[in-house]
Structures are given as structure tokens and as C-alpha cells.
$ cat run.pdb   # PDB, C-alpha atoms
ATOM      1  CA  MET A   1     101.597 -60.042   0.133
ATOM      2  CA  GLU A   2     101.195 -56.866  -1.858
ATOM      3  CA  ASN A   3     101.316 -58.835  -5.059
ATOM      4  CA  THR A   4      98.205 -60.886  -4.427
ATOM      5  CA  THR A   5      95.290 -60.039  -6.611
ATOM      6  CA  ASN A   6      92.072 -58.814  -5.127
ATOM      7  CA  ARG A   7      88.885 -60.710  -5.635
ATOM      8  CA  LEU A   8      85.236 -60.163  -4.983
ATOM      9  CA  TYR A   9      83.738 -61.291  -1.687
ATOM     10  CA  GLU A  10      80.271 -61.245  -0.289
ATOM     11  CA  GLY A  11      79.923 -60.091   3.281
ATOM     12  CA  MET A  12      76.854 -60.400   5.450
ATOM     13  CA  PHE A  13      76.829 -58.485   8.711
ATOM     14  CA  VAL A  14      74.290 -58.888  11.462
ATOM     15  CA  LEU A  15      73.647 -55.807  13.578
ATOM     16  CA  PRO A  16      71.085 -55.036  16.257
ATOM     17  CA  GLN A  17      68.029 -53.482  14.672
ATOM     18  CA  THR A  18      67.866 -50.693  17.229
ATOM     19  CA  TYR A  19      71.434 -49.682  16.455
ATOM     20  CA  VAL A  20      70.832 -49.432  12.718
ATOM     21  CA  ARG A  21      67.500 -47.682  13.080
ATOM     22  CA  GLU A  22      69.053 -45.008  15.252
ATOM     23  CA  ASP A  23      71.458 -44.006  12.552
ATOM     24  CA  GLN A  24      71.848 -46.097   9.434
ATOM     25  CA  ASP A  25      74.761 -44.085   8.051
ATOM     26  CA  ARG A  26      76.715 -44.598  11.240
ATOM     27  CA  ALA A  27      76.172 -48.352  11.004
ATOM     28  CA  PHE A  28      77.260 -48.411   7.359
ATOM     29  CA  GLU A  29      80.273 -46.288   8.195
ATOM     30  CA  LEU A  30      81.234 -48.702  10.949
ATOM     31  CA  ILE A  31      81.413 -51.553   8.458
ATOM     32  CA  LYS A  32      82.960 -49.510   5.688
ATOM     33  CA  SER A  33      85.749 -48.098   7.818
ATOM     34  CA  ALA A  34      86.682 -51.539   9.119
ATOM     35  CA  LEU A  35      86.804 -52.868   5.570
ATOM     36  CA  GLU A  36      88.904 -49.948   4.413
ATOM     37  CA  LYS A  37      91.356 -50.563   7.198
ATOM     38  CA  HIS A  38      92.280 -53.794   5.445
ATOM     39  CA  GLU A  39      92.366 -52.177   2.018
ATOM     40  CA  ALA A  40      89.098 -53.665   0.920
ATOM     41  CA  VAL A  41      87.115 -51.683  -1.615
ATOM     42  CA  THR A  42      83.388 -51.668  -0.923
ATOM     43  CA  LYS A  43      81.383 -52.071  -4.098
ATOM     44  CA  TYR A  44      77.913 -52.464  -2.702
ATOM     45  CA  MET A  45      76.305 -52.052   0.681
ATOM     46  CA  ASP A  46      72.656 -52.124   1.600
ATOM     47  CA  VAL A  47      70.221 -53.476   4.137
ATOM     48  CA  TRP A  48      69.290 -56.968   3.013
ATOM     49  CA  SER A  49      66.628 -57.709   5.579
ATOM     50  CA  GLU A  50      65.249 -56.781   8.950
ATOM     51  CA  ARG A  51      64.004 -59.764  10.863
ATOM     52  CA  SER A  52      63.885 -61.433  14.210
ATOM     53  CA  LEU A  53      66.670 -63.898  14.852
ATOM     54  CA  ALA A  54      66.114 -67.620  15.201
ATOM     55  CA  TYR A  55      67.945 -67.460  18.500
ATOM     56  CA  GLU A  56      69.182 -64.724  20.760
ATOM     57  CA  ILE A  57      72.667 -63.366  20.047
ATOM     58  CA  ASN A  58      74.196 -61.153  22.756
ATOM     59  CA  HIS A  59      70.724 -60.601  24.201
ATOM     60  CA  VAL A  60      69.526 -59.255  20.851
ATOM     61  CA  ARG A  61      66.423 -60.671  19.201
ATOM     62  CA  GLU A  62      65.709 -58.253  16.373
ATOM     63  CA  ALA A  63      68.479 -57.787  13.850
ATOM     64  CA  THR A  64      69.283 -56.003  10.640
ATOM     65  CA  PHE A  65      71.230 -57.835   7.977
ATOM     66  CA  VAL A  66      73.591 -55.750   5.897
ATOM     67  CA  LEU A  67      74.749 -57.252   2.614
ATOM     68  CA  THR A  68      77.998 -56.029   1.109
ATOM     69  CA  TYR A  69      80.187 -56.849  -1.843
ATOM     70  CA  PHE A  70      83.806 -55.845  -1.688
ATOM     71  CA  ASP A  71      87.156 -56.430  -3.325
ATOM     72  CA  ALA A  72      89.847 -57.710  -1.018
ATOM     73  CA  SER A  73      92.918 -59.869  -1.040
ATOM     74  CA  PRO A  74      92.409 -63.426   0.259
ATOM     75  CA  GLU A  75      94.857 -62.763   3.087
ATOM     76  CA  ALA A  76      92.849 -59.787   4.275
ATOM     77  CA  VAL A  77      89.660 -61.787   4.744
ATOM     78  CA  ALA A  78      90.830 -63.471   7.933
ATOM     79  CA  LYS A  79      91.948 -60.126   9.291
ATOM     80  CA  ILE A  80      88.656 -58.514   8.409
ATOM     81  CA  GLU A  81      86.777 -61.285  10.177
ATOM     82  CA  ARG A  82      88.931 -60.860  13.260
ATOM     83  CA  THR A  83      88.337 -57.132  13.296
ATOM     84  CA  PHE A  84      84.591 -57.571  13.123
ATOM     85  CA  ARG A  85      84.591 -60.216  15.810
ATOM     86  CA  ILE A  86      85.879 -57.676  18.315
ATOM     87  CA  THR A  87      83.785 -54.777  17.045
ATOM     88  CA  ASP A  88      80.849 -53.764  19.188
ATOM     89  CA  ASN A  89      77.402 -53.846  17.613
ATOM     90  CA  ILE A  90      78.404 -56.460  15.058
ATOM     91  CA  LEU A  91      76.695 -59.656  16.078
ATOM     92  CA  ARG A  92      77.810 -61.909  13.263
ATOM     93  CA  THR A  93      80.038 -61.688  10.227
ATOM     94  CA  LEU A  94      79.962 -64.017   7.260
ATOM     95  CA  ILE A  95      82.376 -63.509   4.400
ATOM     96  CA  VAL A  96      82.009 -65.908   1.505
ATOM     97  CA  LYS A  97      82.707 -66.197  -2.169
ATOM     98  CA  PRO A  98      79.708 -65.072  -4.227
ATOM     99  CA  ALA A  99      77.607 -67.797  -5.816
ATOM    100  CA  PRO A 100      79.039 -69.184  -9.065
ATOM    101  CA  GLY A 101      77.976 -67.103 -12.011
ATOM    102  CA  PHE A 102      77.351 -64.094  -9.834
ATOM    103  CA  ASP A 103      77.809 -60.798 -11.595
ATOM    104  CA  LEU A 104      77.899 -57.644  -9.537
ATOM    105  CA  ASP A 105      76.785 -55.319 -12.317
ATOM    106  CA  THR A 106      73.678 -57.337 -13.130
ATOM    107  CA  PHE A 107      72.957 -57.658  -9.430
ATOM    108  CA  MET A 108      73.219 -53.897  -8.925
ATOM    109  CA  LYS A 109      70.965 -53.245 -11.905
ATOM    110  CA  GLU A 110      68.377 -55.674 -10.597
ATOM    111  CA  ARG A 111      68.485 -54.069  -7.177
ATOM    112  CA  GLU A 112      68.095 -50.611  -8.660
ATOM    113  CA  GLU A 113      65.095 -51.687 -10.653
ATOM    114  CA  ALA A 114      63.585 -53.410  -7.656
ATOM    115  CA  ASN A 115      64.096 -50.265  -5.588
ATOM    116  CA  LYS A 116      62.501 -48.163  -8.286
ATOM    117  CA  GLU A 117      59.541 -50.494  -8.449
ATOM    118  CA  SER A 118      59.023 -50.507  -4.717
ATOM    119  CA  ALA A 119      59.313 -46.727  -4.679
ATOM    120  CA  ALA A 120      56.734 -46.512  -7.434
ATOM    121  CA  VAL A 121      54.434 -48.849  -5.546
ATOM    122  CA  GLU A 122      54.809 -46.769  -2.408
ATOM    123  CA  GLU A 123      54.060 -43.606  -4.317
ATOM    124  CA  ALA A 124      50.997 -45.147  -5.866
ATOM    125  CA  GLN A 125      49.836 -46.284  -2.456
ATOM    126  CA  GLU A 126      50.328 -42.818  -1.020
ATOM    127  CA  GLU A 127      48.437 -41.298  -3.896
ATOM    128  CA  GLN A 128      45.621 -43.702  -3.314
ATOM    129  CA  LYS A 129      45.543 -42.803   0.341
ATOM    130  CA  GLU A 130      45.410 -39.130  -0.506
ATOM    131  CA  GLU A 131      42.596 -39.762  -2.938
ATOM    132  CA  VAL A 132      40.676 -41.603  -0.290
ATOM    133  CA  LYS A 133      41.186 -38.723   2.099
ATOM    134  CA  ALA A 134      40.091 -36.179  -0.495
TER     135      ALA A 134
ATOM    136  CA  MET B   1      65.442-111.873 -14.076
ATOM    137  CA  LYS B   2      67.928-109.126 -14.152
ATOM    138  CA  SER B   3      70.257-109.181 -11.256
ATOM    139  CA  GLY B   4      72.497-106.442 -10.013
ATOM    140  CA  PHE B   5      72.120-103.746  -7.458
ATOM    141  CA  ASN B   6      68.834-102.249  -6.649
ATOM    142  CA  LYS B   7      68.710 -98.721  -7.882
ATOM    143  CA  ARG B   8      67.336 -96.524  -5.172
ATOM    144  CA  ARG B   9      64.233 -94.895  -6.433
ATOM    145  CA  ARG B  10      64.618 -91.183  -6.072
ATOM    146  CA  ARG B  11      61.620 -89.187  -5.132
ATOM    147  CA  LEU B  12      61.556 -86.054  -7.229
ATOM    148  CA  ASP B  13      62.111 -83.104  -5.051
ATOM    149  CA  PRO B  14      58.699 -81.835  -4.008
ATOM    150  CA  ILE B  15      59.784 -78.246  -3.529
ATOM    151  CA  LEU B  16      62.108 -77.363  -6.339
ATOM    152  CA  LYS B  17      60.224 -79.578  -8.816
ATOM    153  CA  LYS B  18      63.379 -79.712 -10.884
ATOM    154  CA  LYS B  19      66.082 -82.296 -11.155
ATOM    155  CA  LYS B  20      68.757 -79.749 -10.489
ATOM    156  CA  VAL B  21      69.057 -76.110  -9.594
ATOM    157  CA  GLU B  22      72.038 -73.919 -10.254
ATOM    158  CA  TYR B  23      72.869 -72.970  -6.716
ATOM    159  CA  ILE B  24      71.285 -73.051  -3.290
ATOM    160  CA  ASP B  25      72.191 -69.936  -1.361
ATOM    161  CA  TYR B  26      72.033 -69.231   2.352
ATOM    162  CA  LYS B  27      69.960 -66.125   1.637
ATOM    163  CA  GLN B  28      67.026 -68.182   0.339
ATOM    164  CA  VAL B  29      65.744 -68.624   3.844
ATOM    165  CA  ARG B  30      62.199 -69.493   2.910
ATOM    166  CA  LEU B  31      63.450 -72.305   0.707
ATOM    167  CA  LEU B  32      65.821 -73.591   3.356
ATOM    168  CA  THR B  33      63.110 -73.753   6.003
ATOM    169  CA  LYS B  34      61.360 -76.337   3.852
ATOM    170  CA  TYR B  35      64.365 -78.602   4.147
ATOM    171  CA  ILE B  36      64.598 -78.673   7.910
ATOM    172  CA  THR B  37      62.429 -80.548  10.346
ATOM    173  CA  PRO B  38      60.386 -78.762  13.018
ATOM    174  CA  HIS B  39      63.291 -79.484  15.327
ATOM    175  CA  GLY B  40      65.698 -77.713  13.029
ATOM    176  CA  LYS B  41      67.422 -80.795  11.707
ATOM    177  CA  MET B  42      68.480 -80.952   8.093
ATOM    178  CA  ALA B  43      66.676 -83.366   5.816
ATOM    179  CA  GLY B  44      68.761 -86.072   4.212
ATOM    180  CA  ALA B  45      69.116 -86.598   0.503
ATOM    181  CA  LYS B  46      66.627 -89.435   0.658
ATOM    182  CA  ARG B  47      63.959 -87.047   1.821
ATOM    183  CA  THR B  48      64.894 -84.032  -0.221
ATOM    184  CA  GLY B  49      65.459 -85.989  -3.407
ATOM    185  CA  LEU B  50      68.107 -83.497  -4.434
ATOM    186  CA  CYS B  51      71.127 -84.451  -6.473
ATOM    187  CA  THR B  52      74.418 -84.789  -4.647
ATOM    188  CA  GLN B  53      75.664 -81.368  -5.677
ATOM    189  CA  ASN B  54      72.510 -79.596  -4.607
ATOM    190  CA  GLN B  55      72.357 -81.553  -1.374
ATOM    191  CA  ARG B  56      75.868 -80.371  -0.513
ATOM    192  CA  GLN B  57      75.018 -76.800  -1.352
ATOM    193  CA  LEU B  58      71.934 -77.128   0.809
ATOM    194  CA  MET B  59      74.040 -78.396   3.707
ATOM    195  CA  VAL B  60      76.439 -75.481   3.463
ATOM    196  CA  ALA B  61      73.602 -73.004   3.037
ATOM    197  CA  ILE B  62      71.772 -74.267   6.122
ATOM    198  CA  LYS B  63      74.934 -74.121   8.196
ATOM    199  CA  ARG B  64      75.638 -70.577   7.090
ATOM    200  CA  ALA B  65      72.078 -69.519   7.759
ATOM    201  CA  ARG B  66      72.239 -71.060  11.219
ATOM    202  CA  PHE B  67      75.404 -69.164  12.046
ATOM    203  CA  LEU B  68      73.769 -65.889  11.066
ATOM    204  CA  GLY B  69      70.683 -66.565  13.131
ATOM    205  CA  LEU B  70      68.439 -66.973  10.108
ATOM    206  CA  LEU B  71      67.689 -70.576  11.010
ATOM    207  CA  PRO B  72      67.671 -72.279  14.393
ATOM    208  CA  TYR B  73      70.217 -74.859  15.457
ATOM    209  CA  ILE B  74      67.509 -76.538  17.468
ATOM    210  CA  GLY B  75      63.881 -75.786  18.039
ATOM    211  CA  THR B  76      61.055 -74.396  16.018
ATOM    212  CA  THR B  77      61.439 -72.791  12.630
ATOM    213  CA  LEU B  78      60.886 -69.092  12.402
ATOM    214  CA  LYS B  79      57.871 -67.629  10.785
ATOM    215  CA  ASP B  80      58.947 -65.542   7.856
TER     216      ASP B  80
END

$ encode --input "run.pdb" --output "C-alpha cells"
Amino acid sequence: MENTTNRLYEGMFVLPQTYVREDQDRAFELIKSALEKHEAVTKYMDVWSERSLAYEINHVREATFVLTYFDASPEAVAKIERTFRITDNILRTLIVKPAPGFDLDTFMKEREEANKESAAVEEAQEEQKEEVKA
Amino acid sequence: MKSGFNKRRRRLDPILKKKKVEYIDYKQVRLLTKYITPHGKMAGAKRTGLCTQNQRQLMVAIKRARFLGLLPYIGTTLKD
């Protein structure tokens, strides 16, 4: 089992929005620690979306989706899924192979740029607001 | 007159406007909502006009999205 090579997986975790908003680091740590327990190396983790669910899950309507990319052995995936199924505050877990042609580095770069852009837009908006006030 | 089987005339996909796309992912929720009926049922290949590969990817994507609560199993589609 030790000899199996690790490969990249995409994990999507659904958490209650209230739980993540209370303390985002705690929510990320919850996922990260569970992944580490099965010797998975987290490469990327961020909030993908905050939206209301199409149907209620465990009496929760508003959820936060956390997208992760991690390296793990194929055998560990089933174990990871089992761990998350019995973890509180994790509503759903989906671990899949990334889309064909997916490259983590390009993805990270794109995300960084997108974050920068949105930050710039926010700044510009704030500046505008201040100008209006002045 | 030429005989033989009647080729089914494919309607070009109205949404993607392309014969084929590289991959249909479960995260493209807005795209997926266009391929389900108001009751949440998946559209068949005849309606989507997608190629077999894309239609399969669409099927998997919708099922994954349903599991995550991004799309409904039954009932109205969510406003994005």
C-alpha cells in the first residue's frame, strides 16, 4: 500500500454557511486535518461559492462550497470519504479526478489574477465611494 | 431514390453553439441548469443536440451537481 503513487484529486466540500462565516480558518482546518490524517497533501483550498442549496441538507439551506486540490493515494480516497461522512458540519463530500487537461499551476495563477482583479475592483469602488462622500 | 437508414437530423446545440466542447464540469452550474427541465429532469441527447461524449459528461455533471445540492433532484431550478 505504501508503494502506490499519489495522484491529484479534486475535492468539493459542502459546509453550512453559518459555520464557515463564524470562523473560516476553523472550517479550513477541519478539512485539512482530516485530509492529513490520510496522508493527503493539500495543494489548494478556497471558498468556491456561497449559495443556497437546491434542497435542504440536514436542515441547512445556505451553504458554503469549499474547493480543494490534494495529492493522495487512490486507496486513501475511500477512507477520506468515510471520514468526512461522519464529520459534523460537513454536509457533502465529492472527491473526483480533475477534468482532463487540468493543470493546477495554471489554475492557481488564474485564481490569483482573478483575486487581484476583484481586489482592485473593490478598491476602486471604495475610492469612488469616498470621493462621493468628499 | 437512395435507400438506407434515415439519418437523424441533429439540432445544433442551442446553448453551446459548438459541435463539441472539451469538458462539461459539475461546477458550471449555470450551464447545467439550461439542460434540465423545470422539473429537474435531464434533457436527452435529442433535445440537447450534444455529441455522445458531451452528453455523457453532462449526465455525470448533473448527477454530481445534484448530490452536492447545486441542482435539484426534483422541483424547480434554483435562481443563480

$ resolve_selection --input "run.pdb" --expression "the PyMOL selection byres ((chain B and resi 24-37) around 9)" --output "compact mmCIF listing (two decimals) with C-alpha atoms, in the frame of the given file"
# COMPACT_ATOMS: atom_id res chain seq x y z
CA ALA A 99 77.61 -67.80 -5.82
CA ILE B 15 59.78 -78.25 -3.53
CA LEU B 16 62.11 -77.36 -6.34
CA VAL B 21 69.06 -76.11 -9.59
CA GLU B 22 72.04 -73.92 -10.25
CA TYR B 23 72.87 -72.97 -6.72
CA PRO B 38 60.39 -78.76 13.02
CA HIS B 39 63.29 -79.48 15.33
CA GLY B 40 65.70 -77.71 13.03
CA LYS B 41 67.42 -80.80 11.71
CA MET B 42 68.48 -80.95 8.09
CA ALA B 43 66.68 -83.37 5.82
CA GLY B 44 68.76 -86.07 4.21
CA ARG B 47 63.96 -87.05 1.82
CA THR B 48 64.89 -84.03 -0.22
CA ASN B 54 72.51 -79.60 -4.61
CA GLN B 55 72.36 -81.55 -1.37
CA GLN B 57 75.02 -76.80 -1.35
CA LEU B 58 71.93 -77.13 0.81
CA VAL B 60 76.44 -75.48 3.46
CA ALA B 61 73.60 -73.00 3.04
CA ILE B 62 71.77 -74.27 6.12
CA LYS B 63 74.93 -74.12 8.20
CA ARG B 64 75.64 -70.58 7.09
CA ALA B 65 72.08 -69.52 7.76
CA LEU B 70 68.44 -66.97 10.11
CA LEU B 71 67.69 -70.58 11.01
CA THR B 76 61.06 -74.40 16.02
CA THR B 77 61.44 -72.79 12.63
CA LEU B 78 60.89 -69.09 12.40
CA ASP B 80 58.95 -65.54 7.86

$ closest_residue --input "run.pdb" --among "B:Met59, B:Ala45, B:Leu50, B:Ile74" --to "chain A" --atoms "only C-alpha atoms"
B:Ile74

$ resolve_selection --input "run.pdb" --expression "the PyMOL selection byres ((chain A) within 7 of (chain B))" --output "PyMOL selection string"
chain A and resi 53-55+92

$ resolve_selection --input "run.pdb" --expression "the PyMOL selection byres ((chain A and resi 76-89) around 12)" --output "VMD selection string"
chain A and resid 1 to 2 4 to 20 26 to 28 30 to 41 57 to 60 63 to 64 70 to 75 90 to 97

$ atom_distance --input "run.pdb" --atom1 "atom CA of Glu56 of chain A" --atom2 "atom CA of Tyr44 of chain A"
27.9 Å

$ atom_distance --input "run.pdb" --atom1 "atom CA of Trp48 of chain A" --atom2 "atom CA of Phe65 of chain A"
5.4 Å

$ residues_near_point --input "run.pdb" --point "(72.1, -54.5, 3.3)" --cutoff "7 Å" --atoms "all atoms listed in the file" --output "MDAnalysis selection string"
chainID A and resid 45:49 65:68

$ build_atoms --input "run.pdb" --residues "segment 75-87 of chain A" --atoms "N, CA and C atoms" --output "mmCIF file, keeping the file's coordinate frame"
data_model
loop_
_atom_site.group_PDB
_atom_site.id
_atom_site.type_symbol
_atom_site.label_atom_id
_atom_site.label_comp_id
_atom_site.auth_asym_id
_atom_site.auth_seq_id
_atom_site.Cartn_x
_atom_site.Cartn_y
_atom_site.Cartn_z
ATOM 1 N N GLU A 75 94.210 -62.819 1.772
ATOM 2 C CA GLU A 75 94.857 -62.763 3.087
ATOM 3 C C GLU A 75 94.117 -61.822 4.029
ATOM 4 N N ALA A 76 93.503 -60.806 3.446
ATOM 5 C CA ALA A 76 92.849 -59.787 4.275
ATOM 6 C C ALA A 76 91.562 -60.298 4.909
ATOM 7 N N VAL A 77 90.970 -61.330 4.282
ATOM 8 C CA VAL A 77 89.660 -61.787 4.744
ATOM 9 C C VAL A 77 89.695 -62.226 6.210
ATOM 10 N N ALA A 78 90.720 -62.994 6.548
ATOM 11 C CA ALA A 78 90.830 -63.471 7.933
ATOM 12 C C ALA A 78 90.979 -62.292 8.886
ATOM 13 N N LYS A 79 91.744 -61.301 8.455
ATOM 14 C CA LYS A 79 91.948 -60.126 9.291
ATOM 15 C C LYS A 79 90.656 -59.338 9.450
ATOM 16 N N ILE A 80 89.934 -59.232 8.353
ATOM 17 C CA ILE A 80 88.656 -58.514 8.409
ATOM 18 C C ILE A 80 87.713 -59.207 9.395
ATOM 19 N N GLU A 81 87.665 -60.531 9.284
ATOM 20 C CA GLU A 81 86.777 -61.285 10.177
ATOM 21 C C GLU A 81 87.161 -61.064 11.638
ATOM 22 N N ARG A 82 88.473 -61.046 11.890
ATOM 23 C CA ARG A 82 88.931 -60.860 13.260
ATOM 24 C C ARG A 82 88.549 -59.477 13.776
ATOM 25 N N THR A 83 88.696 -58.497 12.902
ATOM 26 C CA THR A 83 88.337 -57.132 13.296
ATOM 27 C C THR A 83 86.866 -57.052 13.686
ATOM 28 N N PHE A 84 86.026 -57.663 12.856
ATOM 29 C CA PHE A 84 84.591 -57.571 13.123
ATOM 30 C C PHE A 84 84.187 -58.352 14.365
ATOM 31 N N ARG A 85 84.947 -59.405 14.653
ATOM 32 C CA ARG A 85 84.591 -60.216 15.810
ATOM 33 C C ARG A 85 84.749 -59.415 17.102
ATOM 34 N N ILE A 86 85.676 -58.457 17.093
ATOM 35 C CA ILE A 86 85.879 -57.676 18.315
ATOM 36 C C ILE A 86 85.253 -56.283 18.224
ATOM 37 N N THR A 87 84.463 -56.066 17.168
ATOM 38 C CA THR A 87 83.785 -54.777 17.045
ATOM 39 C C THR A 87 82.434 -54.840 17.749
#
